[in-house]
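File shown here: structure35.txt, holding compact mmCIF, C-alpha atoms.
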```txt
# COMPACT_ATOMS: atom_id res chain seq x y z
CA MET A 1 4.07 101.51 109.90
CA SER A 2 3.75 97.87 109.02
CA GLU A 3 7.19 97.28 110.56
CA THR A 4 6.09 98.84 113.83
CA ASN A 5 3.05 96.62 113.82
CA GLN A 6 5.22 93.57 113.43
CA ILE A 7 7.67 94.55 116.18
CA GLN A 8 5.14 95.50 118.81
CA PRO A 9 3.57 92.10 119.46
CA SER A 10 6.97 90.40 119.59
CA ALA A 11 8.35 93.03 122.04
CA ALA A 12 5.30 92.60 124.25
CA GLY A 13 5.75 88.84 124.11
CA ASN A 14 9.40 89.23 125.13
CA SER A 15 8.57 91.50 128.05
CA GLY A 16 6.03 88.98 129.28
CA LYS A 17 8.60 86.22 129.04
CA MET A 18 11.22 88.27 130.85
CA LEU A 19 8.77 89.22 133.58
CA ARG A 20 7.66 85.62 134.00
CA ALA A 21 11.27 84.43 134.23
CA MET A 22 12.35 87.05 136.76
CA VAL A 23 9.25 86.70 138.94
CA GLY A 24 9.42 82.91 138.77
CA ILE A 25 13.08 82.80 139.72
CA GLY A 26 12.47 85.42 142.42
CA ILE A 27 9.73 83.35 144.03
CA LEU A 28 11.77 80.15 143.82
CA CYS A 29 14.82 81.87 145.37
CA ALA A 30 12.76 83.47 148.13
CA LEU A 31 11.25 80.08 148.96
CA MET A 32 14.68 78.43 149.17
CA ILE A 33 16.05 81.19 151.41
CA VAL A 34 13.05 81.10 153.75
CA LEU A 35 13.22 77.30 154.05
CA THR A 36 16.96 77.37 154.84
CA PHE A 37 16.47 80.22 157.31
CA GLN A 38 13.68 78.38 159.12
CA GLY A 39 15.58 75.10 159.08
CA THR A 40 18.79 76.52 160.51
CA LEU A 41 17.24 79.06 162.92
CA PRO A 42 17.03 76.84 166.05
CA ILE A 43 20.60 75.57 165.58
CA ILE A 44 21.99 79.09 164.97
CA LYS A 45 20.15 80.40 168.05
CA GLN A 46 21.66 77.67 170.18
CA LYS A 47 25.17 78.23 168.79
CA LYS A 48 24.86 82.00 169.32
CA ALA A 49 23.82 81.43 172.93
CA GLU A 50 26.88 79.21 173.43
CA ALA A 51 29.14 81.84 171.82
CA LEU A 52 27.62 84.52 174.05
CA GLU A 53 28.30 82.39 177.13
CA LYS A 54 31.96 82.03 176.08
CA ALA A 55 32.21 85.78 175.42
CA ILE A 56 30.87 86.60 178.93
CA PHE A 57 33.79 84.64 180.42
CA LYS A 58 36.18 86.65 178.22
CA VAL A 59 34.90 90.11 179.18
CA LEU A 60 34.70 89.41 182.91
CA PRO A 61 38.11 88.03 183.88
CA GLY A 62 38.18 85.44 186.65
CA ILE A 63 34.50 84.45 186.71
CA GLU A 64 33.27 80.87 187.09
CA LYS A 65 29.51 81.26 186.90
CA THR A 66 26.99 83.58 185.26
CA GLU A 67 23.41 84.57 185.98
CA ILE A 68 20.96 86.36 183.67
CA PHE A 69 19.13 89.44 185.03
CA GLN A 70 16.36 91.44 183.41
CA LEU A 71 15.63 95.11 183.91
CA GLY A 72 12.11 95.63 185.31
CA GLU A 73 9.70 98.55 184.83
CA SER A 74 10.88 100.26 188.04
CA ASN A 75 14.55 100.13 187.00
CA ASN A 76 15.24 97.15 189.25
CA PHE A 77 16.93 93.96 188.11
CA ALA A 78 15.54 90.50 188.74
CA PRO A 79 16.97 87.10 187.74
CA VAL A 80 15.26 85.40 184.78
CA ASN A 81 15.17 81.87 183.54
CA GLY A 82 15.79 81.36 179.83
CA GLU A 83 16.67 84.14 177.41
CA GLY A 84 14.79 87.15 178.76
CA GLU A 85 13.71 90.15 176.71
CA GLU A 86 16.25 91.42 174.20
CA GLY A 87 17.75 94.79 175.11
CA ARG A 88 16.78 94.47 178.78
CA VAL A 89 19.01 91.62 179.95
CA VAL A 90 22.50 91.71 181.46
CA TYR A 91 24.76 88.87 182.59
CA ALA A 92 26.20 88.95 186.12
CA GLY A 93 29.45 87.04 186.69
CA TYR A 94 30.68 85.42 189.93
CA ASP A 95 34.11 84.03 190.84
CA GLU A 96 34.81 80.57 192.29
CA ASN A 97 33.95 81.77 195.83
CA GLY A 98 30.59 83.08 194.64
CA ARG A 99 31.72 86.71 194.93
CA PHE A 100 30.07 89.11 192.48
CA VAL A 101 32.70 90.30 189.95
CA GLY A 102 30.83 92.38 187.39
CA VAL A 103 28.19 92.54 184.71
CA ALA A 104 28.47 91.79 180.99
CA VAL A 105 26.32 94.03 178.78
CA GLU A 106 25.44 93.60 175.11
CA ALA A 107 25.44 96.69 172.91
CA SER A 108 25.12 97.38 169.20
CA GLY A 109 25.38 100.21 166.72
CA GLN A 110 26.20 101.10 163.15
CA GLY A 111 29.73 100.19 162.07
CA TYR A 112 31.29 100.79 158.66
CA ALA A 113 29.75 97.84 156.82
CA ASP A 114 26.86 96.74 158.99
CA ILE A 115 25.55 96.69 162.55
CA LEU A 116 28.28 95.85 165.09
CA ARG A 117 27.22 93.69 168.06
CA ILE A 118 29.57 93.81 171.01
CA LEU A 119 29.75 92.66 174.63
CA TYR A 120 31.59 94.53 177.36
CA GLY A 121 32.24 93.84 181.03
CA TYR A 122 31.39 96.45 183.70
CA ASP A 123 32.89 96.30 187.17
CA PRO A 124 30.77 98.39 189.62
CA GLU A 125 33.54 98.26 192.28
CA LYS A 126 36.12 99.87 190.00
CA GLN A 127 33.43 101.77 188.04
CA ALA A 128 35.20 100.77 184.87
CA VAL A 129 34.78 98.74 181.69
CA VAL A 130 37.07 95.75 182.20
CA GLY A 131 36.66 93.72 179.01
CA PHE A 132 35.40 93.92 175.45
CA TYR A 133 34.53 91.40 172.76
CA VAL A 134 33.05 91.69 169.26
CA LEU A 135 30.10 89.30 168.88
CA GLU A 136 29.16 90.15 165.31
CA SER A 137 30.94 92.23 162.71
CA LYS A 138 31.10 92.47 158.94
CA GLU A 139 33.84 95.12 158.92
CA THR A 140 36.36 95.19 156.07
CA PRO A 141 38.83 92.32 156.49
CA GLY A 142 42.35 93.61 157.12
CA LEU A 143 41.13 97.12 157.99
CA GLY A 144 37.91 97.47 159.99
CA ASP A 145 38.30 94.07 161.61
CA LYS A 146 41.35 95.38 163.50
CA ILE A 147 38.83 96.30 166.22
CA GLU A 148 38.85 92.60 167.14
CA LYS A 149 42.60 92.00 166.95
CA ASP A 150 44.58 95.22 167.52
CA ALA A 151 46.25 94.79 170.94
CA GLY A 152 46.63 98.55 171.43
CA PHE A 153 42.94 99.14 170.75
CA LEU A 154 41.81 96.27 172.98
CA SER A 155 43.93 97.63 175.85
CA ASN A 156 41.53 100.64 175.91
CA PHE A 157 38.99 98.36 177.51
CA GLU A 158 41.09 96.87 180.29
CA ALA A 159 40.18 99.75 182.62
CA LEU A 160 38.03 102.29 180.78
CA ASP A 161 36.83 104.81 183.32
CA VAL A 162 33.02 105.13 183.60
CA THR A 163 32.80 106.76 187.05
CA LEU A 164 29.38 108.18 187.90
CA LYS A 165 28.56 111.74 188.92
CA GLU A 166 27.98 112.45 192.62
CA ASP A 167 24.19 112.17 192.20
CA GLN A 168 24.60 108.97 190.13
CA SER A 169 22.43 110.38 187.34
CA GLY A 170 25.00 109.77 184.62
CA LEU A 171 28.70 109.46 183.84
CA ARG A 172 31.10 112.08 185.19
CA ASN A 173 32.97 111.94 181.88
CA ALA A 174 31.29 110.39 178.86
CA VAL A 175 33.33 107.76 176.99
CA VAL A 176 34.63 109.40 173.83
CA PRO A 177 36.68 108.07 170.92
CA VAL A 178 39.82 110.12 170.19
CA LYS A 179 42.31 110.16 167.31
CA SER A 180 44.97 107.47 167.42
CA GLY A 181 47.79 108.26 169.86
CA THR A 182 46.06 111.24 171.49
CA LYS A 183 44.46 109.48 174.50
CA LYS A 184 45.13 111.50 177.67
CA HIS A 185 42.34 110.45 180.03
CA PRO A 186 41.17 107.02 181.19
CA TRP A 187 37.68 107.59 179.75
CA GLU A 188 38.94 108.12 176.20
CA VAL A 189 39.12 105.41 173.54
CA ASP A 190 42.25 105.56 171.42
CA CYS A 191 41.13 104.80 167.83
CA ILE A 192 43.03 102.87 165.14
CA THR A 193 44.62 104.49 162.11
CA GLY A 194 43.28 102.65 159.06
CA ALA A 195 40.15 101.54 160.90
CA THR A 196 38.95 104.96 162.01
CA ILE A 197 35.25 104.50 161.30
CA SER A 198 35.02 101.05 162.91
CA SER A 199 37.03 101.95 166.02
CA ARG A 200 35.20 105.26 166.41
CA ALA A 201 31.92 103.33 166.14
CA ILE A 202 33.00 101.04 169.00
CA GLY A 203 33.88 104.08 171.15
CA ASN A 204 30.49 105.61 170.44
CA ILE A 205 28.57 102.36 171.03
CA ILE A 206 30.25 101.85 174.43
CA GLY A 207 29.78 105.55 175.21
CA ALA A 208 26.04 105.45 174.56
CA SER A 209 25.57 102.10 176.25
CA THR A 210 27.49 102.98 179.45
CA GLU A 211 25.60 106.27 179.68
CA ARG A 212 22.39 104.24 179.91
CA TRP A 213 23.52 101.15 181.80
CA ALA A 214 26.28 102.25 184.24
CA PRO A 215 23.94 104.24 186.59
CA LEU A 216 21.38 101.40 186.57
CA LEU A 217 23.95 98.69 187.19
CA TYR A 218 25.73 100.66 189.92
CA LYS A 219 22.46 101.29 191.79
CA ASN A 220 21.60 97.60 191.62
CA LYS A 221 25.03 96.17 192.44
CA ASP A 222 23.73 94.83 195.76
CA THR A 223 20.96 92.95 193.96
CA PHE A 224 23.56 91.12 191.84
CA ALA A 225 25.78 90.44 194.88
CA LYS A 226 22.86 89.19 197.01
CA GLN A 227 21.60 86.87 194.33
CA GLU A 228 24.69 84.68 194.47
CA GLY A 229 24.67 84.74 198.30
CA GLU A 230 21.18 83.21 198.22
CA ASN A 231 22.16 80.40 195.84
CA MET B 1 61.30 57.86 134.14
CA ALA B 2 60.39 58.76 130.58
CA ASP B 3 58.14 55.68 130.49
CA GLN B 4 56.45 56.77 133.70
CA ILE B 5 55.73 60.23 132.28
CA LYS B 6 54.46 58.62 129.10
CA ASN B 7 52.16 56.32 131.11
CA LYS B 8 50.79 59.22 133.14
CA THR B 9 50.15 61.23 130.00
CA GLY B 10 48.48 58.17 128.55
CA PHE B 11 46.23 57.79 131.59
CA LEU B 12 45.23 61.48 131.54
CA ALA B 13 44.67 61.28 127.80
CA THR B 14 42.35 58.28 128.25
CA LEU B 15 40.37 60.16 130.90
CA GLN B 16 40.15 63.24 128.74
CA GLU B 17 38.94 61.24 125.76
CA ASN B 18 35.77 60.47 127.71
CA PRO B 19 33.75 63.72 127.38
CA SER B 20 32.01 63.31 130.77
CA THR B 21 35.18 62.78 132.76
CA ASP B 22 36.85 65.56 130.84
CA GLU B 23 34.23 68.05 132.09
CA PHE B 24 35.23 67.03 135.60
CA ILE B 25 39.01 66.70 135.14
CA LYS B 26 39.49 70.03 133.34
CA GLY B 27 38.51 72.03 136.45
CA LEU B 28 40.84 70.06 138.65
CA TRP B 29 43.97 70.50 136.59
CA ARG B 30 44.02 71.73 132.97
CA ASP B 31 41.69 74.73 133.52
CA ASN B 32 42.16 75.02 137.28
CA PRO B 33 40.25 78.20 138.28
CA VAL B 34 43.08 79.58 140.42
CA PHE B 35 46.33 78.24 138.97
CA VAL B 36 45.37 78.48 135.29
CA GLN B 37 42.41 80.87 134.90
CA VAL B 38 43.49 83.04 137.87
CA LEU B 39 39.85 83.73 138.79
CA GLY B 40 38.31 84.63 142.16
CA MET B 41 41.56 86.03 143.57
CA CYS B 42 39.89 88.01 146.37
CA PRO B 43 38.98 85.01 148.58
CA VAL B 44 42.06 83.08 147.41
CA LEU B 45 44.40 85.70 148.84
CA ALA B 46 42.33 86.79 151.81
CA VAL B 47 40.94 83.62 153.38
CA SER B 48 43.85 81.26 152.76
CA ASN B 49 45.71 82.16 155.97
CA THR B 50 44.89 78.81 157.60
CA ALA B 51 44.09 75.38 156.16
CA VAL B 52 40.67 75.26 157.86
CA ASN B 53 39.60 78.68 156.56
CA ALA B 54 40.81 77.76 153.07
CA LEU B 55 38.93 74.45 153.06
CA ALA B 56 35.75 76.03 154.43
CA MET B 57 35.79 78.82 151.85
CA GLY B 58 36.56 76.29 149.09
CA LEU B 59 33.68 74.03 150.11
CA ALA B 60 31.26 76.97 150.42
CA THR B 61 32.24 78.12 146.92
CA THR B 62 31.90 74.56 145.57
CA PHE B 63 28.41 74.32 147.06
CA VAL B 64 27.34 77.62 145.48
CA LEU B 65 28.98 76.76 142.16
CA LEU B 66 27.43 73.30 141.97
CA MET B 67 23.93 74.38 143.00
CA SER B 68 23.89 77.46 140.75
CA ASN B 69 25.16 75.38 137.83
CA ILE B 70 22.33 72.88 138.39
CA LEU B 71 19.62 75.56 138.60
CA VAL B 72 20.96 77.68 135.72
CA SER B 73 21.25 74.60 133.52
CA SER B 74 17.74 73.37 134.43
CA LEU B 75 16.22 76.78 133.68
CA ARG B 76 18.35 77.55 130.60
CA ASN B 77 15.43 77.29 128.17
CA PHE B 78 13.16 79.32 130.43
CA ILE B 79 15.46 82.35 131.00
CA PRO B 80 15.35 84.91 128.13
CA LYS B 81 18.76 86.18 126.98
CA GLN B 82 18.07 89.78 127.98
CA VAL B 83 17.66 89.00 131.69
CA ARG B 84 20.09 86.10 131.95
CA ILE B 85 22.82 87.91 133.96
CA ALA B 86 20.26 89.32 136.42
CA SER B 87 18.76 85.84 136.81
CA TYR B 88 22.16 84.20 137.37
CA ILE B 89 23.12 86.77 140.00
CA LEU B 90 19.78 86.21 141.75
CA ILE B 91 20.32 82.45 141.74
CA ILE B 92 23.95 82.76 142.93
CA ALA B 93 23.00 85.24 145.68
CA THR B 94 20.31 82.82 146.89
CA PHE B 95 22.77 79.96 147.29
CA VAL B 96 25.31 82.26 148.96
CA THR B 97 22.65 83.30 151.50
CA MET B 98 21.84 79.64 152.08
CA ALA B 99 25.56 78.83 152.50
CA ASP B 100 25.83 81.71 154.97
CA TYR B 101 23.06 80.25 157.18
CA ILE B 102 24.45 76.73 156.88
CA ILE B 103 27.99 77.81 157.91
CA GLN B 104 26.52 79.69 160.88
CA ALA B 105 24.67 76.54 161.89
CA ILE B 106 27.86 74.47 161.59
CA SER B 107 30.16 76.84 163.49
CA ILE B 108 29.80 80.45 164.60
CA GLU B 109 33.61 80.69 164.99
CA LEU B 110 34.15 79.58 161.40
CA HIS B 111 31.50 82.04 160.24
CA LYS B 112 33.33 84.80 162.12
CA ALA B 113 36.70 83.78 160.65
CA LEU B 114 35.37 83.86 157.08
CA GLY B 115 33.59 87.14 157.86
CA ALA B 116 32.52 89.27 154.93
CA PHE B 117 34.04 86.85 152.41
CA ILE B 118 31.01 84.53 152.55
CA SER B 119 28.78 87.29 151.18
CA LEU B 120 31.48 88.14 148.65
CA ILE B 121 31.11 84.68 147.03
CA VAL B 122 28.25 86.36 145.11
CA VAL B 123 30.76 88.41 143.15
CA ASN B 124 33.28 85.59 142.64
CA CYS B 125 33.72 85.80 138.88
CA LEU B 126 34.40 82.04 138.73
CA ILE B 127 30.77 81.26 139.60
CA LEU B 128 29.18 83.74 137.19
CA SER B 129 31.59 82.70 134.44
CA ARG B 130 30.66 79.01 134.80
CA ALA B 131 26.95 79.88 134.74
CA GLU B 132 27.34 82.02 131.64
CA ALA B 133 29.97 80.04 129.75
CA PHE B 134 28.94 76.50 130.61
CA ALA B 135 25.75 75.81 132.56
CA SER B 136 23.55 77.99 130.32
CA LYS B 137 24.63 75.99 127.25
CA ASN B 138 24.89 72.43 128.57
CA THR B 139 22.81 69.69 130.15
CA VAL B 140 22.29 69.35 133.90
CA GLY B 141 24.53 66.27 134.06
CA LYS B 142 27.45 67.99 132.36
CA SER B 143 26.92 71.13 134.46
CA ILE B 144 27.11 69.05 137.65
CA LEU B 145 30.43 67.57 136.54
CA ASP B 146 31.73 70.99 135.53
CA GLY B 147 30.63 72.59 138.83
CA LEU B 148 32.14 69.76 140.88
CA GLY B 149 35.41 69.79 138.95
CA MET B 150 35.83 73.56 139.10
CA GLY B 151 34.74 73.65 142.77
CA ILE B 152 37.13 70.91 143.83
CA GLY B 153 39.90 72.52 141.75
CA PHE B 154 39.24 75.83 143.51
CA THR B 155 39.18 74.14 146.95
CA PHE B 156 42.41 72.28 146.12
CA ALA B 157 44.14 75.54 145.13
CA LEU B 158 42.90 77.35 148.25
CA PHE B 159 44.07 74.44 150.38
CA CYS B 160 47.52 74.49 148.71
CA LEU B 161 47.86 78.13 149.73
CA GLY B 162 46.27 77.76 153.17
CA ALA B 163 48.37 74.76 154.18
CA VAL B 164 51.68 76.40 153.21
CA ARG B 165 50.77 79.73 154.84
CA GLU B 166 49.62 78.10 158.09
CA LEU B 167 52.62 75.78 158.18
CA LEU B 168 55.17 78.54 157.79
CA GLY B 169 53.26 81.38 159.41
CA ASN B 170 51.91 79.52 162.41
CA GLY B 171 54.04 76.38 162.55
CA SER B 172 50.92 74.18 162.48
CA ILE B 173 48.57 72.41 160.12
CA PHE B 174 44.82 72.27 160.93
CA GLY B 175 45.83 73.85 164.26
CA VAL B 176 48.09 70.91 165.18
CA PRO B 177 51.73 71.99 165.84
CA PHE B 178 54.04 70.60 163.18
CA PHE B 179 57.47 72.02 164.02
CA PRO B 180 59.44 71.83 167.29
CA ASP B 181 58.81 74.56 169.90
CA ASN B 182 61.87 76.57 168.90
CA PHE B 183 60.53 77.11 165.36
CA GLN B 184 60.40 80.82 164.54
CA GLU B 185 57.11 81.54 162.72
CA TRP B 186 57.24 83.53 159.48
CA ILE B 187 54.59 86.03 160.50
CA VAL B 188 54.57 87.56 157.01
CA MET B 189 53.01 84.36 155.67
CA ILE B 190 49.73 84.85 157.53
CA LEU B 191 49.66 88.54 156.64
CA PRO B 192 48.21 89.62 153.25
CA ALA B 193 51.69 89.79 151.68
CA GLY B 194 52.18 86.08 152.43
CA GLY B 195 49.14 85.32 150.27
CA PHE B 196 50.78 86.96 147.25
CA PHE B 197 54.14 85.22 147.88
CA THR B 198 52.54 81.80 148.22
CA LEU B 199 50.31 82.26 145.18
CA ALA B 200 53.30 83.38 143.10
CA ILE B 201 55.30 80.29 144.09
CA TRP B 202 52.40 77.94 143.34
CA LEU B 203 51.83 79.60 139.96
CA LEU B 204 55.53 79.17 139.23
CA ILE B 205 55.44 75.47 140.12
CA PHE B 206 52.24 74.93 138.14
CA ASN B 207 53.54 76.66 135.02
CA ALA B 208 56.91 74.89 135.22
CA ALA B 209 55.11 71.54 135.42
CA LYS B 210 52.90 72.49 132.47
CA GLN B 211 55.87 73.55 130.35
CA ARG B 212 57.73 70.37 131.21
CA ARG B 213 54.76 68.27 130.17
CA ALA B 214 54.44 70.19 126.92
CA THR B 215 58.07 69.60 125.99
CA THR B 216 58.08 65.84 126.78
```
Encoded form using structure tokens:
Amino acid sequence: MSETNQIQPSAAGNSGKMLRAMVGIGILCALMIVLTFQGTLPIIKQKKAEALEKAIFKVLPGIEKTEIFQLGESNNFAPVNGEGEEGRVVYAGYDENGRFVGVAVEASGQGYADILRILYGYDPEKQAVVGFYVLESKETPGLGDKIEKDAGFLSNFEALDVTLKEDQSGLRNAVVPVKSGTKKHPWEVDCITGATISSRAIGNIIGASTERWAPLLYKNKDTFAKQEGEN
Amino acid sequence: MADQIKNKTGFLATLQENPSTDEFIKGLWRDNPVFVQVLGMCPVLAVSNTAVNALAMGLATTFVLLMSNILVSSLRNFIPKQVRIASYILIIATFVTMADYIIQAISIELHKALGAFISLIVVNCLILSRAEAFASKNTVGKSILDGLGMGIGFTFALFCLGAVRELLGNGSIFGVPFFPDNFQEWIVMILPAGGFFTLAIWLLIFNAAKQRRATT
């Protein structure tokens, strides 16, 4: 009994010490992270905007100029100055003669490791996805990150069919990921063996995004074309 | 020649006699984290495909190692033994998160090239081992020297691998072409297998040099 009495105060003292140390270090670490985050935020935002600009030129081949459009309440697009509201903006691209080429759309979804952020180019004339670029990915190096490098996989997005139904209410054939080597139709995405989850995720992200955006963009293609004519 | 070797040994011996410089020198050469301790192999093999990636990963690791050594050493009397590993991991993870933001602010492309390996610095056993084996038992000054020495030694080793792999696998160094246009690149060198080949050759050279020094 006397032993227990002796141990108890020392154990309580130890717990207090441990708690103090962990909480103290936790607060200090949180403070350092927040300060670094706040300090680097404006620079990172600017760099990301520059990277996005570069990516738009990659997914819309042959463009010379871009314009930002925002989706309004009545499903119409209007040009915006600055960044616009996230999730409602698209980037129209024009060639050197000012002719409207297509629209770059940002999309995101769950990958294998984390959220995947991608950009794809939509050509309303061809009714097809004409380019694809990974903006942000934490997929497994050497496996999942093949979605950025695998030439066969990237060729899926050179002319991925996203033709609309007659009434323009949605896609005639939804974009679907298929097992590697079994692609038969132009609206299918041939996945990568060894990066199945990541490549399937890309197919699904583009599928969901085109289902939402393709009808809207197609209906408003004259708005994008007119805009450059006015400039 | 024998005199030269003797002189070099003499110079190194003089440096090592000074305890402060020894803390620094040991990480660079005698206890090099990659070539001698063979620690932190995951980034060494994965991100050493180009000289720039290797240097960036090396510097990021040095930053985390140095800063965590400083903080662990400063708080060594405040952290109870029972929670020391949890505290060290928390401290290391904080500096890795900071390094992640800083690299993004420096270059998004570089951040993309290093990918998931920046976050994986948290589990680089080199950093935790220096916190546990050295910083928690020594003064801040000594821990700074140890962190710097080990960090620079790690960066040096990564650079040795990255430079060779880029040179042979891509025909360039820091992106600048080195060989004539008709040079046939050894693609295998920038693939994962090339990492193992290059590391094996460097380990061979390092051990041969060490043995030679021991026998003279």
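Residue list for chain B within 8 Å of chain A: Phe78, Ile79, Pro80, Gln82, Val83, Ser87, Leu90, Ile91, Thr94, Phe95, Thr97, Met98, Tyr101, Ile102, Gln104, Ala105, Ser107, Ile108, Lys112, Gly115 and Ala116 of chain B, counting all atoms listed in the file.
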Please list as a compact mmCIF listing (two decimals) with C-alpha atoms, keeping the file's coordinate frame every residue within 6 Å of Val103 in chain A, counting only C-alpha atoms and excluding residues in the same chain fewer than 4 positions away.
```txt
# COMPACT_ATOMS: atom_id res chain seq x y z
CA TYR A 91 24.76 88.87 182.59
CA ALA A 92 26.20 88.95 186.12
CA GLY A 93 29.45 87.04 186.69
CA GLY A 121 32.24 93.84 181.03
CA TYR A 122 31.39 96.45 183.70
```
Would you mind telling me which residue in B:Ile25, B:Leu158, B:Ile106, B:Val176 lies nearest to Thr198 in chain B when using all atoms listed in the file? B:Leu158
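Using only C-alpha atoms, the nearest neighbour of Ala60 in chain B within the list B:Leu45, B:Val38, B:Leu120, B:Ala163 is B:Leu120.
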May I have the residues within 10 Å of Asn138 in chain B as a short mmCIF file (atom, residue, chain, number, x, y, z; two decimals) with C-alpha atoms, keeping the file's coordinate frame, using only C-alpha atoms and disregarding those fewer than 3 positions away in the same chain?
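Output below, filename out32.cif:
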```
data_model
loop_
_atom_site.label_atom_id
_atom_site.label_comp_id
_atom_site.auth_asym_id
_atom_site.auth_seq_id
_atom_site.Cartn_x
_atom_site.Cartn_y
_atom_site.Cartn_z
CA ASN B 69 25.16 75.38 137.83
CA VAL B 72 20.96 77.68 135.72
CA SER B 73 21.25 74.60 133.52
CA SER B 74 17.74 73.37 134.43
CA ARG B 76 18.35 77.55 130.60
CA ALA B 131 26.95 79.88 134.74
CA ALA B 133 29.97 80.04 129.75
CA PHE B 134 28.94 76.50 130.61
CA ALA B 135 25.75 75.81 132.56
CA GLY B 141 24.53 66.27 134.06
CA LYS B 142 27.45 67.99 132.36
CA SER B 143 26.92 71.13 134.46
CA ILE B 144 27.11 69.05 137.65
CA ASP B 146 31.73 70.99 135.53
#
```
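In this comparison, which uses all atoms listed in the file, the residue of B:Asn207, B:Thr139, B:Asn170, B:Asn182 approaching Ser20 in chain B most closely is B:Thr139.
Take CA of Pro186 in chain A and CA of Arg200 in chain A: the distance between them is 16.0 Å.
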Neighbours of Cys191 in chain A within 7 Å (all atoms listed in the file; same-chain residues fewer than 5 positions away dropped), as a ChimeraX atom specification? /A:153,177-180,196,199-200
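In terms of minimum interatomic distance to Asp100 in chain B, B:Val64 ranks closest within B:Met150, B:Ala209, B:Ala54, B:Val64, counting all atoms listed in the file.
Those residues positioned at most 12 Å from (24.6, 102.1, 162.6) are Ala107, Ser108, Gly109, Gln110, Gly111, Tyr112, Ala113, Asp114, Ile115, Leu116, Arg117, Ser137, Ile197, Ser198, Arg200, Ala201, Ile202, Asn204 and Ile205 of chain A, judged using only C-alpha atoms.
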